[in-house]
Amino acid sequence: MSDGGLIRRLPPVRGRLAANAPIGPLTWFHVGGPAEVLFRPADRDDLGGFLVALPEDVPVTVIGVASNLLVRDGGIPGVTIRLGRGFVDIRPAKDTVEAGAGALDLNVALTAAEAGIGGLEFLSGIPGTVGGGFRTNAGAYGREFKDALISAEALDRRGGLHTLAVGDIGLSYRHCDIDPAWIFVAARFQGVAGDPGEIGRRMTEIKAAREASQPIRSRTGGSTFANPPGHQAWRLIDEAGCRGLTRGGAMVSEKHTNFLINTGNATAADIEGLGEEVRRRVRDRFGILLEWEIRRIGRPADGGVPVEVRTPAVAASTG
């Protein structure tokens, strides 16, 4: 994908830079090509300094634990930034919790529960990081980020730090208004004082519900399509006859039809192609074009630039 020339143009860092770094194995789908350069910043200052000195023509992609991500087989051009150990601190205080963008949503919920802070149990049902949750206003079991968020901090493309109140972020169903080039680095959540035992029981219920209804032990990217207004995506997919549908090594889950699965030897093209076939069948049957919830990044294996079909912007209900 690269001869390593890009890495020589990048500023010095305290974290780690790697050329042609495998990314597919980091994703929950376990597919996809390499990052031209992968940067793991040591901390916020390291990331900010890197962005200040980064040449403007270099594209930047940010990933977390890649739970809701499909990396195409041709890999990711430019610099891919993965927030790691320097961004995972979680600090409870009274009825609030501060967390770095690299912290797992589950760990935020667990830390809150141990501190007797309720209202954040829903985070235990979201398989991702705090930073990733901003971009889709991630939600589960009746609550979304916007319902619990107080404020956030983000770095712009030139390394400038911004503190944003929840109202500044423009969160709505699977949407965020903030410039896609900005990188969220921290968040502050509002909870309520509660009994740790009762909070723990609610989290146990969420875990049981997930295990009963979702193929969480499969190689999957989570919920594939957003719910159209007034509809449930899984039901539309099921009624369009897509349950168990396959393409190469990719399959529509038999357990939950809004999940795509890598059965073992799928390529990213298999998974994306299967998703587009599902969209076509639902559109032909119901006149509804499903919108991808999974984030798809990078180039196809042939090096081309894919044309992404977008659902017309509509007001969407929470679901």
# chains A, B, ... in the order shown; residues from 1 in each chain; ligands from 1
call {"tool": "residues_around", "arguments": {"residues": "Ile294 in chain A", "least_positions_apart": "5", "cutoff": "9 Å", "atoms": "only C-alpha atoms", "output": "list in words"}}
result
Ser67, Asn68, Leu69, Leu70, Gly221, Gly222, Ser223, Thr224, Phe225 and Ala226 of chain A
call {"tool": "select_by_dssp", "arguments": {"residues": "range 94-287 of chain A", "states": "strand (DSSP E or B)", "output": "PyMOL selection string"}}
result
chain A and resi 96-100+104+117-118+129+139-140+143-144+149-155+161-165+172+175+183-190+192-193+219-223+225+246-247+250-252+259-262
call {"tool": "residues_around", "arguments": {"residues": "Pro77 in chain A", "least_positions_apart": "3", "cutoff": "7 Å", "atoms": "only C-alpha atoms", "output": "JSON list (two decimals) with C-alpha atoms, in the first residue's frame"}}
result
[["chain", "number", "residue", "atom", "x", "y", "z"],
["A", 35, "ALA", "CA", -3.22, 1.30, 7.57],
["A", 36, "GLU", "CA", -0.67, 3.22, 5.52],
["A", 298, "GLY", "CA", -10.65, 2.62, 3.34]]
call {"tool": "closest_atom_pairs", "arguments": {"of": "range 36-119 of chain A", "to": "range 3-15 of chain A", "cutoff": "12 Å", "atoms": "only C-alpha atoms", "output": "tab-separated table"}}
result
residue	atom	partner	partner_atom	distance
A:Glu36	CA	A:Leu6	CA	7.8
A:Val37	CA	A:Ile7	CA	6.5
A:Leu38	CA	A:Ile7	CA	9.3
A:Phe39	CA	A:Gly15	CA	7.3
A:Arg40	CA	A:Gly15	CA	5.6
A:Pro41	CA	A:Gly15	CA	4.4
A:Ala42	CA	A:Gly15	CA	4.4
A:Asp43	CA	A:Gly15	CA	7.8
A:Arg44	CA	A:Gly15	CA	10.6
A:Asp45	CA	A:Arg14	CA	9.6
A:Asp46	CA	A:Val13	CA	6.3
A:Leu47	CA	A:Val13	CA	8.2
A:Gly48	CA	A:Val13	CA	10.3
A:Gly49	CA	A:Val13	CA	8.0
A:Phe50	CA	A:Pro11	CA	6.2
A:Leu51	CA	A:Pro11	CA	8.8
A:Val52	CA	A:Pro11	CA	9.2
A:Ala53	CA	A:Pro11	CA	6.1
A:Leu54	CA	A:Leu10	CA	6.2
A:Pro55	CA	A:Leu10	CA	7.5
A:Glu56	CA	A:Leu10	CA	10.9
A:Asp57	CA	A:Arg9	CA	10.9
A:Val58	CA	A:Leu6	CA	8.6
A:Pro59	CA	A:Leu6	CA	10.9
A:Pro77	CA	A:Leu6	CA	9.8
A:Gly78	CA	A:Leu6	CA	7.6
A:Val79	CA	A:Leu6	CA	8.6
A:Thr80	CA	A:Ile7	CA	11.6
A:Ile81	CA	A:Gly15	CA	10.8
A:Arg82	CA	A:Gly15	CA	10.7
A:Leu83	CA	A:Gly15	CA	10.4
A:Gly84	CA	A:Gly15	CA	9.9
A:Arg85	CA	A:Gly15	CA	10.3
A:Gly86	CA	A:Gly15	CA	9.5
call {"tool": "atom_distance", "arguments": {"atom1": "CA of Leu120 in chain A", "atom2": "CA of Cys176 in chain A"}}
result
19.9 Å
call {"tool": "residues_around", "arguments": {"residues": "Ala115 in chain A", "least_positions_apart": "6", "cutoff": "12 Å", "atoms": "only C-alpha atoms", "output": "CSV table (one decimal) with N, CA and C atoms, in the first residue's frame"}}
result
chain,number,residue,atom,x,y,z
A,90,ILE,N,-10.8,6.6,33.8
A,90,ILE,CA,-12.2,6.8,34.2
A,90,ILE,C,-12.2,7.3,35.7
A,91,ARG,N,-12.9,8.4,35.9
A,91,ARG,CA,-12.8,9.0,37.2
A,91,ARG,C,-14.3,9.4,37.7
A,92,PRO,N,-14.8,8.6,38.6
A,92,PRO,CA,-16.1,8.9,39.2
A,92,PRO,C,-16.0,10.0,40.3
A,93,ALA,N,-17.0,10.8,40.4
A,93,ALA,CA,-17.0,11.8,41.4
A,93,ALA,C,-18.5,12.2,41.7
A,94,LYS,N,-18.9,11.8,43.0
A,94,LYS,CA,-20.3,12.0,43.4
A,94,LYS,C,-21.2,11.3,42.4
A,95,ASP,N,-22.0,12.1,41.6
A,95,ASP,CA,-22.9,11.5,40.7
A,95,ASP,C,-22.5,11.7,39.2
A,96,THR,N,-21.2,12.0,39.0
A,96,THR,CA,-20.7,12.1,37.6
A,96,THR,C,-19.5,11.2,37.3
A,97,VAL,N,-19.3,11.0,36.0
A,97,VAL,CA,-18.1,10.2,35.7
A,97,VAL,C,-17.4,10.9,34.5
A,108,VAL,N,-16.8,2.1,31.7
A,108,VAL,CA,-17.4,3.3,32.3
A,108,VAL,C,-18.6,2.8,33.1
A,109,ALA,N,-19.4,2.0,32.6
A,109,ALA,CA,-20.6,1.5,33.3
A,109,ALA,C,-20.2,0.7,34.6
A,191,GLY,N,-24.8,10.9,36.1
A,191,GLY,CA,-25.5,9.8,36.6
A,191,GLY,C,-26.4,10.2,37.8
A,192,VAL,N,-26.8,9.2,38.5
A,192,VAL,CA,-27.6,9.5,39.7
A,192,VAL,C,-27.1,8.5,40.8
A,193,ALA,N,-27.1,9.0,42.1
A,193,ALA,CA,-26.7,8.2,43.2
A,193,ALA,C,-27.6,7.0,43.3
A,194,GLY,N,-27.0,5.8,43.5
A,194,GLY,CA,-27.8,4.6,43.6
A,194,GLY,C,-27.1,3.5,44.4
A,195,ASP,N,-27.8,2.4,44.6
A,195,ASP,CA,-27.3,1.3,45.3
A,195,ASP,C,-26.4,0.4,44.3
A,196,PRO,N,-25.2,0.2,44.6
A,196,PRO,CA,-24.3,-0.6,43.7
A,196,PRO,C,-24.9,-2.0,43.4
A,197,GLY,N,-25.5,-2.6,44.3
A,197,GLY,CA,-26.1,-3.9,44.1
A,197,GLY,C,-27.2,-3.8,43.1
A,199,ILE,N,-27.7,-1.4,40.8
A,199,ILE,CA,-27.1,-1.0,39.6
A,199,ILE,C,-26.5,-2.2,38.9
A,200,GLY,N,-25.8,-3.1,39.6
A,200,GLY,CA,-25.2,-4.3,39.1
A,200,GLY,C,-26.2,-5.2,38.6
call {"tool": "atom_distance", "arguments": {"atom1": "CA of Phe286 in chain A", "atom2": "CA of Arg219 in chain A"}}
result
28.9 Å
call {"tool": "select_by_dssp", "arguments": {"residues": "range 13-213 of chain A", "states": "helix (DSSP H, G or I)", "output": "mmCIF file with N, CA, C and O atoms, in the first residue's frame"}}
result
data_model
loop_
_atom_site.group_PDB
_atom_site.id
_atom_site.type_symbol
_atom_site.label_atom_id
_atom_site.label_comp_id
_atom_site.auth_asym_id
_atom_site.auth_seq_id
_atom_site.Cartn_x
_atom_site.Cartn_y
_atom_site.Cartn_z
ATOM 1 N N GLY A 24 -7.079 -5.052 9.981
ATOM 2 C CA GLY A 24 -8.144 -6.052 9.968
ATOM 3 C C GLY A 24 -8.225 -6.875 11.240
ATOM 4 O O GLY A 24 -9.311 -7.048 11.811
ATOM 5 N N PRO A 25 -7.105 -7.404 11.752
ATOM 6 C CA PRO A 25 -7.170 -8.218 12.968
ATOM 7 C C PRO A 25 -7.648 -7.445 14.194
ATOM 8 O O PRO A 25 -8.067 -8.060 15.178
ATOM 9 N N LEU A 26 -7.585 -6.117 14.139
ATOM 10 C CA LEU A 26 -8.048 -5.312 15.274
ATOM 11 C C LEU A 26 -9.561 -5.119 15.258
ATOM 12 O O LEU A 26 -10.148 -4.777 16.280
ATOM 13 N N ARG A 44 -2.902 13.002 25.349
ATOM 14 C CA ARG A 44 -3.541 14.105 24.643
ATOM 15 C C ARG A 44 -2.518 15.097 24.098
ATOM 16 O O ARG A 44 -2.653 15.597 22.970
ATOM 17 N N ASP A 45 -1.489 15.419 24.876
ATOM 18 C CA ASP A 45 -0.483 16.379 24.415
ATOM 19 C C ASP A 45 0.273 15.837 23.212
ATOM 20 O O ASP A 45 0.602 16.584 22.277
ATOM 21 N N ASP A 46 0.571 14.553 23.216
ATOM 22 C CA ASP A 46 1.252 13.927 22.088
ATOM 23 C C ASP A 46 0.391 14.013 20.837
ATOM 24 O O ASP A 46 0.882 14.358 19.750
ATOM 25 N N LEU A 47 -0.887 13.731 20.973
ATOM 26 C CA LEU A 47 -1.814 13.810 19.847
ATOM 27 C C LEU A 47 -1.950 15.245 19.356
ATOM 28 O O LEU A 47 -1.896 15.503 18.144
ATOM 29 N N GLY A 48 -2.113 16.200 20.280
ATOM 30 C CA GLY A 48 -2.258 17.597 19.883
ATOM 31 C C GLY A 48 -1.028 18.109 19.149
ATOM 32 O O GLY A 48 -1.137 18.789 18.119
ATOM 33 N N GLY A 49 0.165 17.785 19.660
ATOM 34 C CA GLY A 49 1.384 18.218 19.002
ATOM 35 C C GLY A 49 1.550 17.605 17.625
ATOM 36 O O GLY A 49 2.035 18.260 16.686
ATOM 37 N N PHE A 50 1.153 16.365 17.484
ATOM 38 C CA PHE A 50 1.207 15.692 16.186
ATOM 39 C C PHE A 50 0.304 16.400 15.180
ATOM 40 O O PHE A 50 0.712 16.658 14.039
ATOM 41 N N LEU A 51 -0.914 16.727 15.599
ATOM 42 C CA LEU A 51 -1.859 17.368 14.691
ATOM 43 C C LEU A 51 -1.382 18.768 14.288
ATOM 44 O O LEU A 51 -1.577 19.189 13.139
ATOM 45 N N VAL A 52 -0.764 19.490 15.218
ATOM 46 C CA VAL A 52 -0.250 20.829 14.910
ATOM 47 C C VAL A 52 0.763 20.766 13.772
ATOM 48 O O VAL A 52 0.766 21.606 12.869
ATOM 49 N N ALA A 53 1.645 19.757 13.805
ATOM 50 C CA ALA A 53 2.736 19.664 12.835
ATOM 51 C C ALA A 53 2.424 18.782 11.631
ATOM 52 O O ALA A 53 3.239 18.697 10.705
ATOM 53 N N ARG A 85 -3.847 3.571 25.651
ATOM 54 C CA ARG A 85 -3.692 3.656 27.105
ATOM 55 C C ARG A 85 -3.745 5.080 27.654
ATOM 56 O O ARG A 85 -4.179 5.283 28.784
ATOM 57 N N GLY A 86 -3.290 6.043 26.892
ATOM 58 C CA GLY A 86 -3.302 7.418 27.378
ATOM 59 C C GLY A 86 -4.671 8.059 27.401
ATOM 60 O O GLY A 86 -4.813 9.214 27.814
ATOM 61 N N PHE A 87 -5.693 7.298 26.995
ATOM 62 C CA PHE A 87 -7.041 7.866 26.871
ATOM 63 C C PHE A 87 -8.092 6.978 27.538
ATOM 64 O O PHE A 87 -9.270 7.044 27.166
ATOM 65 N N ASP A 105 -17.003 1.584 26.786
ATOM 66 C CA ASP A 105 -18.291 1.950 27.388
ATOM 67 C C ASP A 105 -18.624 1.018 28.546
ATOM 68 O O ASP A 105 -19.133 1.459 29.582
ATOM 69 N N LEU A 106 -18.345 -0.255 28.383
ATOM 70 C CA LEU A 106 -18.591 -1.223 29.450
ATOM 71 C C LEU A 106 -17.826 -0.858 30.710
ATOM 72 O O LEU A 106 -18.370 -0.925 31.826
ATOM 73 N N ASN A 107 -16.563 -0.461 30.574
ATOM 74 C CA ASN A 107 -15.769 -0.123 31.745
ATOM 75 C C ASN A 107 -16.262 1.133 32.436
ATOM 76 O O ASN A 107 -16.158 1.268 33.661
ATOM 77 N N VAL A 108 -16.805 2.069 31.662
ATOM 78 C CA VAL A 108 -17.414 3.258 32.273
ATOM 79 C C VAL A 108 -18.603 2.841 33.128
ATOM 80 O O VAL A 108 -18.759 3.295 34.271
ATOM 81 N N ALA A 109 -19.445 1.965 32.595
ATOM 82 C CA ALA A 109 -20.613 1.489 33.342
ATOM 83 C C ALA A 109 -20.190 0.727 34.590
ATOM 84 O O ALA A 109 -20.783 0.907 35.668
ATOM 85 N N LEU A 110 -19.173 -0.117 34.473
ATOM 86 C CA LEU A 110 -18.703 -0.897 35.623
ATOM 87 C C LEU A 110 -18.120 0.007 36.709
ATOM 88 O O LEU A 110 -18.392 -0.178 37.902
ATOM 89 N N THR A 111 -17.329 0.999 36.315
ATOM 90 C CA THR A 111 -16.737 1.925 37.276
ATOM 91 C C THR A 111 -17.820 2.730 37.976
ATOM 92 O O THR A 111 -17.762 2.948 39.201
ATOM 93 N N ALA A 112 -18.812 3.167 37.202
ATOM 94 C CA ALA A 112 -19.918 3.915 37.793
ATOM 95 C C ALA A 112 -20.678 3.054 38.796
ATOM 96 O O ALA A 112 -21.028 3.513 39.888
ATOM 97 N N ALA A 113 -20.920 1.808 38.431
ATOM 98 C CA ALA A 113 -21.658 0.908 39.324
ATOM 99 C C ALA A 113 -20.914 0.710 40.641
ATOM 100 O O ALA A 113 -21.515 0.751 41.725
ATOM 101 N N GLU A 114 -19.612 0.501 40.570
ATOM 102 C CA GLU A 114 -18.815 0.301 41.775
ATOM 103 C C GLU A 114 -18.845 1.526 42.678
ATOM 104 O O GLU A 114 -18.753 1.412 43.910
ATOM 105 N N GLU A 121 -26.055 2.475 33.189
ATOM 106 C CA GLU A 121 -26.041 1.036 32.920
ATOM 107 C C GLU A 121 -26.144 0.733 31.429
ATOM 108 O O GLU A 121 -25.592 -0.269 30.950
ATOM 109 N N PHE A 122 -26.848 1.581 30.683
ATOM 110 C CA PHE A 122 -27.042 1.333 29.254
ATOM 111 C C PHE A 122 -25.710 1.241 28.513
ATOM 112 O O PHE A 122 -25.597 0.564 27.482
ATOM 113 N N LEU A 123 -24.673 1.924 29.033
ATOM 114 C CA LEU A 123 -23.370 1.888 28.379
ATOM 115 C C LEU A 123 -22.798 0.469 28.334
ATOM 116 O O LEU A 123 -22.018 0.139 27.439
ATOM 117 N N SER A 124 -23.198 -0.374 29.288
ATOM 118 C CA SER A 124 -22.697 -1.746 29.300
ATOM 119 C C SER A 124 -23.228 -2.553 28.123
ATOM 120 O O SER A 124 -22.693 -3.620 27.803
ATOM 121 N N GLY A 125 -24.255 -2.071 27.452
ATOM 122 C CA GLY A 125 -24.817 -2.754 26.294
ATOM 123 C C GLY A 125 -24.291 -2.231 24.969
ATOM 124 O O GLY A 125 -24.745 -2.652 23.904
ATOM 125 N N VAL A 130 -15.858 5.258 24.323
ATOM 126 C CA VAL A 130 -16.522 6.542 24.511
ATOM 127 C C VAL A 130 -16.363 7.409 23.264
ATOM 128 O O VAL A 130 -17.327 8.004 22.776
ATOM 129 N N GLY A 131 -15.147 7.465 22.711
ATOM 130 C CA GLY A 131 -14.924 8.299 21.532
ATOM 131 C C GLY A 131 -15.760 7.889 20.343
ATOM 132 O O GLY A 131 -16.323 8.721 19.637
ATOM 133 N N GLY A 132 -15.867 6.583 20.125
ATOM 134 C CA GLY A 132 -16.672 6.096 19.012
ATOM 135 C C GLY A 132 -18.150 6.364 19.204
ATOM 136 O O GLY A 132 -18.885 6.567 18.235
ATOM 137 N N GLY A 133 -18.595 6.393 20.454
ATOM 138 C CA GLY A 133 -20.006 6.592 20.733
ATOM 139 C C GLY A 133 -20.525 7.957 20.354
ATOM 140 O O GLY A 133 -21.716 8.119 20.064
ATOM 141 N N PHE A 134 -19.642 8.954 20.322
ATOM 142 C CA PHE A 134 -20.081 10.308 19.963
ATOM 143 C C PHE A 134 -20.591 10.367 18.532
ATOM 144 O O PHE A 134 -21.605 11.007 18.249
ATOM 145 N N ARG A 135 -19.874 9.733 17.629
ATOM 146 C CA ARG A 135 -20.177 9.911 16.206
ATOM 147 C C ARG A 135 -21.537 9.351 15.814
ATOM 148 O O ARG A 135 -22.156 9.820 14.855
ATOM 149 N N THR A 136 -22.000 8.347 16.532
ATOM 150 C CA THR A 136 -23.308 7.768 16.209
ATOM 151 C C THR A 136 -24.338 8.029 17.308
ATOM 152 O O THR A 136 -25.435 7.478 17.249
ATOM 153 N N PHE A 145 -26.226 8.406 24.217
ATOM 154 C CA PHE A 145 -25.201 9.296 24.769
ATOM 155 C C PHE A 145 -25.781 10.644 25.182
ATOM 156 O O PHE A 145 -25.465 11.176 26.237
ATOM 157 N N LYS A 146 -26.619 11.222 24.313
ATOM 158 C CA LYS A 146 -27.137 12.561 24.579
ATOM 159 C C LYS A 146 -27.958 12.633 25.863
ATOM 160 O O LYS A 146 -28.104 13.709 26.446
ATOM 161 N N ASP A 147 -28.477 11.508 26.321
ATOM 162 C CA ASP A 147 -29.295 11.486 27.528
ATOM 163 C C ASP A 147 -28.458 11.547 28.798
ATOM 164 O O ASP A 147 -28.976 11.880 29.871
ATOM 165 N N ALA A 148 -27.176 11.202 28.702
ATOM 166 C CA ALA A 148 -26.330 11.132 29.890
ATOM 167 C C ALA A 148 -25.127 12.064 29.831
ATOM 168 O O ALA A 148 -24.460 12.281 30.844
ATOM 169 N N VAL A 166 -23.112 19.484 25.938
ATOM 170 C CA VAL A 166 -23.850 18.497 25.154
ATOM 171 C C VAL A 166 -24.684 19.164 24.064
ATOM 172 O O VAL A 166 -24.807 18.637 22.944
ATOM 173 N N GLY A 167 -25.228 20.348 24.343
ATOM 174 C CA GLY A 167 -26.041 21.032 23.345
ATOM 175 C C GLY A 167 -25.256 21.531 22.152
ATOM 176 O O GLY A 167 -25.828 21.800 21.094
ATOM 177 N N ASP A 168 -23.936 21.662 22.310
ATOM 178 C CA ASP A 168 -23.087 22.127 21.210
ATOM 179 C C ASP A 168 -22.774 21.025 20.204
ATOM 180 O O ASP A 168 -22.325 21.304 19.093
ATOM 181 N N ILE A 169 -22.983 19.778 20.618
ATOM 182 C CA ILE A 169 -22.531 18.646 19.805
ATOM 183 C C ILE A 169 -23.563 18.233 18.762
ATOM 184 O O ILE A 169 -23.237 17.647 17.735
ATOM 185 N N PRO A 196 -25.154 0.190 44.639
ATOM 186 C CA PRO A 196 -24.313 -0.585 43.711
ATOM 187 C C PRO A 196 -24.894 -1.952 43.373
ATOM 188 O O PRO A 196 -24.773 -2.409 42.223
ATOM 189 N N GLY A 197 -25.540 -2.601 44.344
ATOM 190 C CA GLY A 197 -26.116 -3.913 44.073
ATOM 191 C C GLY A 197 -27.231 -3.844 43.054
ATOM 192 O O GLY A 197 -27.310 -4.674 42.135
ATOM 193 N N GLU A 198 -28.112 -2.856 43.188
ATOM 194 C CA GLU A 198 -29.225 -2.707 42.253
ATOM 195 C C GLU A 198 -28.721 -2.311 40.869
ATOM 196 O O GLU A 198 -29.212 -2.800 39.850
ATOM 197 N N ILE A 199 -27.724 -1.426 40.834
ATOM 198 C CA ILE A 199 -27.138 -1.024 39.555
ATOM 199 C C ILE A 199 -26.526 -2.245 38.866
ATOM 200 O O ILE A 199 -26.701 -2.466 37.660
ATOM 201 N N GLY A 200 -25.816 -3.065 39.643
ATOM 202 C CA GLY A 200 -25.215 -4.275 39.096
ATOM 203 C C GLY A 200 -26.249 -5.239 38.554
ATOM 204 O O GLY A 200 -26.031 -5.888 37.529
ATOM 205 N N ARG A 201 -27.385 -5.349 39.230
ATOM 206 C CA ARG A 201 -28.451 -6.247 38.752
ATOM 207 C C ARG A 201 -29.006 -5.770 37.410
ATOM 208 O O ARG A 201 -29.298 -6.596 36.528
ATOM 209 N N ARG A 202 -29.148 -4.466 37.252
ATOM 210 C CA ARG A 202 -29.643 -3.953 35.970
ATOM 211 C C ARG A 202 -28.647 -4.244 34.855
ATOM 212 O O ARG A 202 -29.044 -4.584 33.722
ATOM 213 N N MET A 203 -27.367 -4.151 35.162
ATOM 214 C CA MET A 203 -26.362 -4.465 34.151
ATOM 215 C C MET A 203 -26.362 -5.949 33.806
ATOM 216 O O MET A 203 -26.154 -6.324 32.645
ATOM 217 N N THR A 204 -26.607 -6.782 34.791
ATOM 218 C CA THR A 204 -26.716 -8.218 34.538
ATOM 219 C C THR A 204 -27.890 -8.516 33.611
ATOM 220 O O THR A 204 -27.806 -9.377 32.712
ATOM 221 N N GLU A 205 -28.999 -7.810 33.812
ATOM 222 C CA GLU A 205 -30.169 -7.983 32.946
ATOM 223 C C GLU A 205 -29.857 -7.575 31.507
ATOM 224 O O GLU A 205 -30.277 -8.240 30.551
ATOM 225 N N ILE A 206 -29.111 -6.468 31.346
ATOM 226 C CA ILE A 206 -28.735 -6.015 30.012
ATOM 227 C C ILE A 206 -27.838 -7.049 29.334
ATOM 228 O O ILE A 206 -28.013 -7.385 28.156
ATOM 229 N N LYS A 207 -26.889 -7.580 30.080
ATOM 230 C CA LYS A 207 -25.991 -8.598 29.525
ATOM 231 C C LYS A 207 -26.765 -9.824 29.069
ATOM 232 O O LYS A 207 -26.538 -10.358 27.967
ATOM 233 N N ALA A 208 -27.713 -10.261 29.889
ATOM 234 C CA ALA A 208 -28.511 -11.438 29.537
ATOM 235 C C ALA A 208 -29.358 -11.176 28.294
ATOM 236 O O ALA A 208 -29.499 -12.054 27.426
ATOM 237 N N ALA A 209 -29.918 -9.972 28.208
ATOM 238 C CA ALA A 209 -30.745 -9.633 27.047
ATOM 239 C C ALA A 209 -29.910 -9.623 25.772
ATOM 240 O O ALA A 209 -30.352 -10.096 24.716
ATOM 241 N N ARG A 210 -28.692 -9.097 25.842
ATOM 242 C CA ARG A 210 -27.810 -9.076 24.670
ATOM 243 C C ARG A 210 -27.461 -10.491 24.230
ATOM 244 O O ARG A 210 -27.512 -10.824 23.037
ATOM 245 N N GLU A 211 -27.095 -11.319 25.189
ATOM 246 C CA GLU A 211 -26.685 -12.679 24.859
ATOM 247 C C GLU A 211 -27.831 -13.489 24.272
ATOM 248 O O GLU A 211 -27.622 -14.359 23.417
ATOM 249 N N ALA A 212 -29.050 -13.184 24.710
ATOM 250 C CA ALA A 212 -30.210 -13.934 24.224
ATOM 251 C C ALA A 212 -30.636 -13.517 22.827
ATOM 252 O O ALA A 212 -31.200 -14.329 22.081
ATOM 253 N N SER A 213 -30.365 -12.280 22.446
ATOM 254 C CA SER A 213 -30.931 -11.756 21.203
ATOM 255 C C SER A 213 -29.910 -11.430 20.127
ATOM 256 O O SER A 213 -30.284 -11.236 18.965
#
call {"tool": "atom_distance", "arguments": {"atom1": "CA of Ala99 in chain A", "atom2": "CA of Arg158 in chain A"}}
result
23.0 Å
call {"tool": "closest_residue", "arguments": {"among": "A:Val71, A:Ala187, A:Phe29, A:Arg174", "to": "Ala101 in chain A", "atoms": "only C-alpha atoms"}}
result
A:Ala187
call {"tool": "residues_around", "arguments": {"residues": "Ile23 in chain A", "least_positions_apart": "6", "cutoff": "7 Å", "atoms": "only C-alpha atoms", "output": "PyMOL selection string"}}
result
chain A and resi 32-35
call {"tool": "residues_around", "arguments": {"residues": "Ala250 in chain A", "least_positions_apart": "6", "cutoff": "10 Å", "atoms": "only C-alpha atoms", "output": "list in words"}}
result
Phe29, Arg219, Thr220, Gly244, Leu260, Ile261, Asn262, Thr263, Gly264, Asn265, Ala266, Thr267, Ala268, Ala269, Asp270, Ile271, Glu272, Gly273, Leu274 and Gly275 of chain A
